[in-house]
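Data file: upload_7.cif. Format and content: mmCIF, C-alpha atoms and all ligand atoms.
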```cif
data_my_file
loop_
_atom_site.group_PDB
_atom_site.id
_atom_site.type_symbol
_atom_site.label_atom_id
_atom_site.label_comp_id
_atom_site.auth_asym_id
_atom_site.auth_seq_id
_atom_site.Cartn_x
_atom_site.Cartn_y
_atom_site.Cartn_z
ATOM 1 C CA MET Q 1 -10.960 19.936 -17.190
ATOM 2 C CA ASP Q 2 -9.826 22.266 -14.396
ATOM 3 C CA VAL Q 3 -6.709 22.224 -12.239
ATOM 4 C CA VAL Q 4 -8.364 20.035 -9.541
ATOM 5 C CA ASP Q 5 -9.080 17.377 -12.202
ATOM 6 C CA VAL Q 6 -5.434 17.404 -13.360
ATOM 7 C CA ILE Q 7 -4.121 17.144 -9.764
ATOM 8 C CA SER Q 8 -6.643 14.383 -9.106
ATOM 9 C CA ILE Q 9 -5.465 12.310 -12.100
ATOM 10 C CA LEU Q 10 -1.756 12.825 -11.281
ATOM 11 C CA SER Q 11 -2.378 11.881 -7.653
ATOM 12 C CA ARG Q 12 -4.338 8.770 -8.691
ATOM 13 C CA TRP Q 13 -1.521 7.653 -11.017
ATOM 14 C CA VAL Q 14 1.165 8.110 -8.341
ATOM 15 C CA HIS Q 15 -1.057 6.411 -5.702
ATOM 16 C CA LEU Q 16 -1.635 3.372 -7.910
ATOM 17 C CA LEU Q 17 2.003 3.152 -9.105
ATOM 18 C CA SER Q 18 3.223 3.268 -5.472
ATOM 19 C CA VAL Q 19 0.839 0.401 -4.631
ATOM 20 C CA VAL Q 20 2.047 -1.595 -7.660
ATOM 21 C CA VAL Q 21 5.747 -1.199 -6.747
ATOM 22 C CA ALA Q 22 5.439 -1.781 -2.961
ATOM 23 C CA VAL Q 23 2.892 -4.628 -3.049
ATOM 24 C CA GLY Q 24 4.303 -6.193 -6.236
ATOM 25 C CA GLY Q 25 7.771 -6.230 -4.664
ATOM 26 C CA ALA Q 26 6.426 -7.903 -1.507
ATOM 27 C CA PHE Q 27 4.593 -10.492 -3.653
ATOM 28 C CA PHE Q 28 7.816 -11.284 -5.574
ATOM 29 C CA VAL Q 29 9.829 -11.680 -2.357
ATOM 30 C CA ARG Q 30 7.182 -13.906 -0.707
ATOM 31 C CA PHE Q 31 6.337 -16.191 -3.623
ATOM 32 C CA ALA Q 32 9.468 -16.201 -5.840
ATOM 33 C CA LEU Q 33 12.559 -15.140 -3.875
ATOM 34 C CA PHE Q 34 11.948 -16.931 -0.541
ATOM 35 C CA PRO Q 35 11.054 -20.338 -2.100
ATOM 36 C CA ALA Q 36 14.093 -20.092 -4.423
ATOM 37 C CA ILE Q 37 16.441 -19.287 -1.524
ATOM 38 C CA LYS Q 38 15.064 -21.950 0.829
ATOM 39 C CA GLY Q 39 17.491 -24.860 0.884
ATOM 40 C CA ALA Q 40 19.564 -23.392 -1.963
ATOM 41 C CA LEU Q 41 21.640 -20.972 0.121
ATOM 42 C CA SER Q 42 23.537 -21.450 3.363
ATOM 43 C CA PRO Q 43 22.388 -19.204 6.257
ATOM 44 C CA GLU Q 44 25.554 -17.102 5.758
ATOM 45 C CA ASP Q 45 24.882 -16.590 2.038
ATOM 46 C CA HIS Q 46 21.221 -15.839 2.845
ATOM 47 C CA ASP Q 47 22.360 -13.107 5.283
ATOM 48 C CA LYS Q 48 24.746 -11.701 2.659
ATOM 49 C CA LEU Q 49 21.968 -11.593 0.053
ATOM 50 C CA ARG Q 50 19.599 -9.914 2.517
ATOM 51 C CA ALA Q 51 22.297 -7.359 3.453
ATOM 52 C CA GLY Q 52 22.757 -6.578 -0.251
ATOM 53 C CA ILE Q 53 19.042 -6.157 -1.025
ATOM 54 C CA ARG Q 54 17.820 -4.434 2.165
ATOM 55 C CA PRO Q 55 19.368 -0.929 1.843
ATOM 56 C CA VAL Q 56 17.984 -0.428 -1.683
ATOM 57 C CA TRP Q 57 14.595 -2.098 -1.161
ATOM 58 C CA SER Q 58 13.921 -0.299 2.152
ATOM 59 C CA LYS Q 59 14.491 3.088 0.453
ATOM 60 C CA ILE Q 60 12.057 2.153 -2.345
ATOM 61 C CA VAL Q 61 9.442 0.996 0.197
ATOM 62 C CA HIS Q 62 9.829 4.172 2.300
ATOM 63 C CA VAL Q 63 9.449 6.410 -0.779
ATOM 64 C CA CYS Q 64 6.312 4.447 -1.822
ATOM 65 C CA LEU Q 65 4.789 4.750 1.686
ATOM 66 C CA GLY Q 66 5.513 8.498 1.713
ATOM 67 C CA LEU Q 67 3.922 8.922 -1.726
ATOM 68 C CA LEU Q 68 0.873 6.889 -0.593
ATOM 69 C CA VAL Q 69 0.330 9.188 2.409
ATOM 70 C CA VAL Q 70 0.678 12.383 0.294
ATOM 71 C CA THR Q 71 -1.418 11.186 -2.658
ATOM 72 C CA GLY Q 72 -3.951 9.498 -0.332
ATOM 73 C CA GLY Q 73 -4.432 12.875 1.402
ATOM 74 C CA ILE Q 74 -4.904 14.582 -1.982
ATOM 75 C CA ASN Q 75 -7.370 11.858 -3.077
ATOM 76 C CA LEU Q 76 -9.357 12.396 0.121
ATOM 77 C CA TYR Q 77 -9.388 16.175 -0.351
ATOM 78 C CA VAL Q 78 -10.637 15.764 -3.937
ATOM 79 C CA THR Q 79 -13.334 13.322 -2.788
ATOM 80 C CA MET Q 80 -14.554 15.781 -0.145
ATOM 81 C CA ALA Q 81 -14.448 18.619 -2.711
ATOM 82 C CA HIS Q 82 -16.744 16.494 -4.888
ATOM 83 C CA GLY Q 83 -19.275 16.513 -2.034
ATOM 84 C CA VAL Q 84 -19.375 12.757 -1.397
ATOM 85 C CA LYS Q 85 -21.734 12.084 1.552
ATOM 86 C CA PRO Q 86 -19.945 11.096 4.811
ATOM 87 C CA MET Q 87 -21.748 7.752 5.174
ATOM 88 C CA PRO Q 88 -20.815 5.069 4.340
ATOM 89 C CA TYR Q 89 -17.675 6.619 2.758
ATOM 90 C CA HIS Q 90 -16.044 7.755 6.026
ATOM 91 C CA ALA Q 91 -16.758 4.466 7.826
ATOM 92 C CA ILE Q 92 -15.136 2.415 5.026
ATOM 93 C CA PHE Q 93 -12.279 4.906 4.783
ATOM 94 C CA GLY Q 94 -11.713 4.554 8.565
ATOM 95 C CA VAL Q 95 -11.360 0.778 8.223
ATOM 96 C CA LYS Q 96 -9.000 1.254 5.258
ATOM 97 C CA LEU Q 97 -6.843 3.668 7.277
ATOM 98 C CA ILE Q 98 -6.517 1.253 10.227
ATOM 99 C CA LEU Q 99 -5.445 -1.559 7.863
ATOM 100 C CA VAL Q 100 -3.032 0.832 6.101
ATOM 101 C CA LEU Q 101 -1.380 1.735 9.426
ATOM 102 C CA VAL Q 102 -0.879 -1.962 10.291
ATOM 103 C CA LEU Q 103 0.472 -2.611 6.767
ATOM 104 C CA PHE Q 104 2.900 0.340 7.057
ATOM 105 C CA PHE Q 105 4.088 -0.959 10.437
ATOM 106 C CA ILE Q 106 4.810 -4.442 9.031
ATOM 107 C CA ALA Q 107 6.533 -2.994 5.929
ATOM 108 C CA VAL Q 108 8.798 -0.721 8.013
ATOM 109 C CA ALA Q 109 9.561 -3.474 10.575
ATOM 110 C CA LEU Q 110 10.470 -6.004 7.836
ATOM 111 C CA THR Q 111 12.683 -3.640 5.827
ATOM 112 C CA GLY Q 112 14.315 -1.964 8.848
ATOM 113 C CA THR Q 113 17.193 -2.986 11.113
ATOM 114 C CA SER Q 114 15.648 -2.268 14.534
ATOM 115 C CA PRO Q 115 16.588 -5.077 16.991
ATOM 116 C CA GLY Q 116 13.076 -4.740 18.497
ATOM 117 C CA PHE Q 117 11.554 -6.204 15.302
ATOM 118 C CA ALA Q 118 14.146 -8.974 14.769
ATOM 119 C CA SER Q 119 11.506 -11.616 15.634
ATOM 120 C CA LEU Q 120 9.258 -10.304 12.811
ATOM 121 C CA ARG Q 121 12.159 -10.492 10.361
ATOM 122 C CA ALA Q 122 12.971 -14.025 11.549
ATOM 123 C CA ASN Q 123 9.401 -14.965 10.509
ATOM 124 C CA ALA Q 124 9.448 -12.865 7.343
ATOM 125 C CA PRO Q 125 7.451 -15.296 5.115
ATOM 126 C CA LYS Q 126 4.565 -15.344 7.632
ATOM 127 C CA TRP Q 127 4.537 -11.550 8.089
ATOM 128 C CA LEU Q 128 4.842 -10.929 4.350
ATOM 129 C CA GLY Q 129 1.750 -13.151 3.986
ATOM 130 C CA VAL Q 130 -0.095 -10.962 6.532
ATOM 131 C CA HIS Q 131 1.152 -7.863 4.680
ATOM 132 C CA LEU Q 132 -0.171 -9.184 1.344
ATOM 133 C CA PHE Q 133 -3.507 -10.174 2.904
ATOM 134 C CA LEU Q 134 -3.908 -6.638 4.310
ATOM 135 C CA ALA Q 135 -2.887 -5.130 0.954
ATOM 136 C CA THR Q 136 -5.582 -7.215 -0.768
ATOM 137 C CA CYS Q 137 -8.260 -6.058 1.736
ATOM 138 C CA ILE Q 138 -7.125 -2.429 1.294
ATOM 139 C CA VAL Q 139 -7.322 -2.648 -2.518
ATOM 140 C CA LEU Q 140 -10.831 -4.196 -2.280
ATOM 141 C CA LEU Q 141 -12.008 -1.480 0.162
ATOM 142 C CA SER Q 142 -10.472 1.198 -2.089
ATOM 143 C CA GLY Q 143 -12.477 -0.175 -5.004
ATOM 144 C CA VAL Q 144 -15.669 0.222 -2.935
ATOM 145 C CA LEU Q 145 -14.656 3.793 -2.008
ATOM 146 C CA LYS Q 146 -14.044 4.554 -5.678
ATOM 147 C CA SER Q 147 -17.486 3.195 -6.629
ATOM 148 C CA ILE Q 148 -19.237 5.288 -3.928
ATOM 149 C CA HIS Q 149 -17.259 8.322 -5.124
ATOM 150 C CA GLN Q 150 -18.144 7.598 -8.763
ATOM 151 C CA ALA Q 151 -21.839 7.097 -7.968
ATOM 152 C CA ALA Q 152 -21.946 10.466 -6.161
ATOM 153 C CA LEU Q 153 -20.576 12.151 -9.295
ATOM 154 C CA THR Q 154 -23.068 10.540 -11.675
ATOM 155 C CA ILE Q 155 -25.704 13.083 -12.693
ATOM 156 C CA PRO Q 156 -29.026 11.391 -13.527
ATOM 157 C CA LEU Q 157 -30.133 11.974 -17.122
ATOM 158 C CA ALA Q 158 -33.141 14.250 -17.468
ATOM 159 C CA GLY Q 159 -36.415 12.642 -18.481
HETATM 160 C C1 LIG Q 201 -2.243 6.860 4.311
HETATM 161 C C2 LIG Q 201 -2.404 6.057 3.288
HETATM 162 C C3 LIG Q 201 -3.555 6.130 2.312
HETATM 163 C C4 LIG Q 201 -4.560 7.046 2.163
HETATM 164 C C5 LIG Q 201 -4.819 8.305 2.999
HETATM 165 C C6 LIG Q 201 -5.366 6.631 1.034
HETATM 166 C C7 LIG Q 201 -6.483 7.286 0.567
HETATM 167 C C8 LIG Q 201 -7.143 6.990 -0.601
HETATM 168 C C9 LIG Q 201 -8.270 7.709 -1.138
HETATM 169 C C10 LIG Q 201 -8.952 8.892 -0.465
HETATM 170 C C11 LIG Q 201 -8.607 7.136 -2.317
HETATM 171 C C12 LIG Q 201 -9.701 7.615 -3.294
HETATM 172 C C13 LIG Q 201 -10.948 6.777 -3.172
HETATM 173 C C14 LIG Q 201 -12.032 7.470 -3.971
HETATM 174 O O1 LIG Q 201 -11.967 7.499 -5.197
HETATM 175 O O2 LIG Q 201 -12.930 8.028 -3.350
HETATM 176 C C15 LIG Q 201 -7.693 6.035 -2.542
HETATM 177 C C16 LIG Q 201 -7.724 5.200 -3.633
HETATM 178 C C17 LIG Q 201 -7.050 4.018 -3.705
HETATM 179 N N1 LIG Q 201 -6.135 3.545 -2.792
HETATM 180 FE FE1 LIG Q 201 -5.481 4.508 -1.137
HETATM 181 N N2 LIG Q 201 -4.848 5.459 0.527
HETATM 182 C C18 LIG Q 201 -3.747 5.119 1.278
HETATM 183 C C19 LIG Q 201 -2.966 3.998 1.130
HETATM 184 C C20 LIG Q 201 -3.252 2.977 0.252
HETATM 185 C C21 LIG Q 201 -2.609 1.687 0.241
HETATM 186 C C22 LIG Q 201 -1.516 1.241 1.213
HETATM 187 C C23 LIG Q 201 -3.161 0.971 -0.779
HETATM 188 C C24 LIG Q 201 -2.898 -0.449 -1.248
HETATM 189 C C25 LIG Q 201 -2.274 -1.376 -0.602
HETATM 190 C C26 LIG Q 201 -4.125 1.820 -1.429
HETATM 191 C C27 LIG Q 201 -4.866 1.463 -2.536
HETATM 192 C C28 LIG Q 201 -5.729 2.285 -3.199
HETATM 193 C C29 LIG Q 201 -6.413 1.953 -4.450
HETATM 194 C C30 LIG Q 201 -6.240 0.651 -5.233
HETATM 195 C C31 LIG Q 201 -7.228 3.045 -4.762
HETATM 196 C C32 LIG Q 201 -8.172 3.149 -5.952
HETATM 197 C C33 LIG Q 201 -7.565 4.141 -6.904
HETATM 198 C C34 LIG Q 201 -8.438 4.413 -8.108
HETATM 199 O O3 LIG Q 201 -9.207 3.578 -8.550
HETATM 200 O O4 LIG Q 201 -8.264 5.515 -8.608
HETATM 201 N N3 LIG Q 201 -4.170 3.021 -0.765
HETATM 202 N N4 LIG Q 201 -6.817 5.958 -1.472
#
```

Let me see whether you can do it: turn the structure in this file into structure tokens.
Amino acid sequence: MDVVDVISILSRWVHLLSVVVAVGGAFFVRFALFPAIKGALSPEDHDKLRAGIRPVWSKIVHVCLGLLVVTGGINLYVTMAHGVKPMPYHAIFGVKLILVLVLFFIAVALTGTSPGFASLRANAPKWLGVHLFLATCIVLLSGVLKSIHQAALTIPLAG
């Protein structure tokens, strides 16, 4: 095992853990927190709860997105170093990247305070649903990328 293998494993761990925290948190908010709050809290108490959660959760989400960009770049470098053929890897990766950019936009708009995105935050359950749908597509595409990568590394047995 050389240094590239060690960096590759560390990067994979951090990539996956960032996905687990960011997407798992969004899943909890959409399917546990929002239904529990609906009808149980007055709009004022809802705003207070949101104001209490937002500063902490937005920092966690921003750190996860930053780690995903850094570790995603390292993953891509390692894949290229392994000599994976451009097609269909690059085409699938391109689709993944477009979905990732949309997902990042929704995550930042929902956790931020910009008045320009107030309408997104007003429809947070709907946009969290879109966010989770995109996250699911990205995880499925990443699995395909991993399989293509893995297949390129498999050395056929002699004989
Ligand atoms: C700029 C952001 C991102 C970049 C550049 C990136 C890039 C990559 C690359 C190159 C791989 C390795 C695929 C292979 O083995 O050939 C990978 C794996 C993966 N990525 Fe991303 N990714 C990003 C964001 C995300 C996001 C937002 C998610 C989920 C919502 C995600 C989920 C995954 C998963 C599940 C794997 C498979 C890891 C494994 O099995 O080791 N990625 N990513």

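Restricting the atom set to only C-alpha atoms and all ligand atoms, one finds that the residues within 7 Å of ligand LIG 201 (chain Q) amount to Arg12, His15, Leu16, Val19, Val23, Leu68, Val69, Gly72, Gly73, Asn75, Leu76, Thr79, Leu97, Val100, Ala135, Thr136, Ile138, Val139, Ser142, Gly143, Leu145, Lys146, Ile148 and His149 of chain Q.
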
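The set of residues that the PyMOL selection byres (((chain Q and resi 113-124) around 12) and not hetatm) takes from this file is Ala26, Val29, Arg30, Phe31, Leu33, Phe34, Pro43, Asp47, Arg50, Ala51, Arg54, Pro55, Ser58, Phe105, Ile106, Ala107, Val108, Ala109, Leu110, Thr111, Gly112, Pro125, Lys126, Trp127, Leu128, Gly129, Val130, His131 and Leu132 of chain Q.
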
Next item on the list: Using only C-alpha atoms, find the one residue out of Q:Ile9, Q:Ile92, Q:Pro35, Q:Val56 that sits nearest to Thr71 in chain Q.
Entry: Q:Ile9

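Note that the spacing between CA of Gly83 in chain Q and CA of Cys64 in chain Q amounts to 28.3 Å.
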
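In terms of minimum interatomic distance to Met80 in chain Q, Q:Leu153 ranks closest within Q:Leu101, Q:Cys137, Q:Leu153, Q:Val63, counting all atoms listed in the file.
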
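CA of Leu134 in chain Q to CA of Ala152 in chain Q spans 27.0 Å [interatomic distance, one decimal].
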
Next item on the list: Work out how far apart CA of Gly94 in chain Q and CA of Val78 in chain Q are and give it in Å to one decimal.
Entry: 16.8 Å
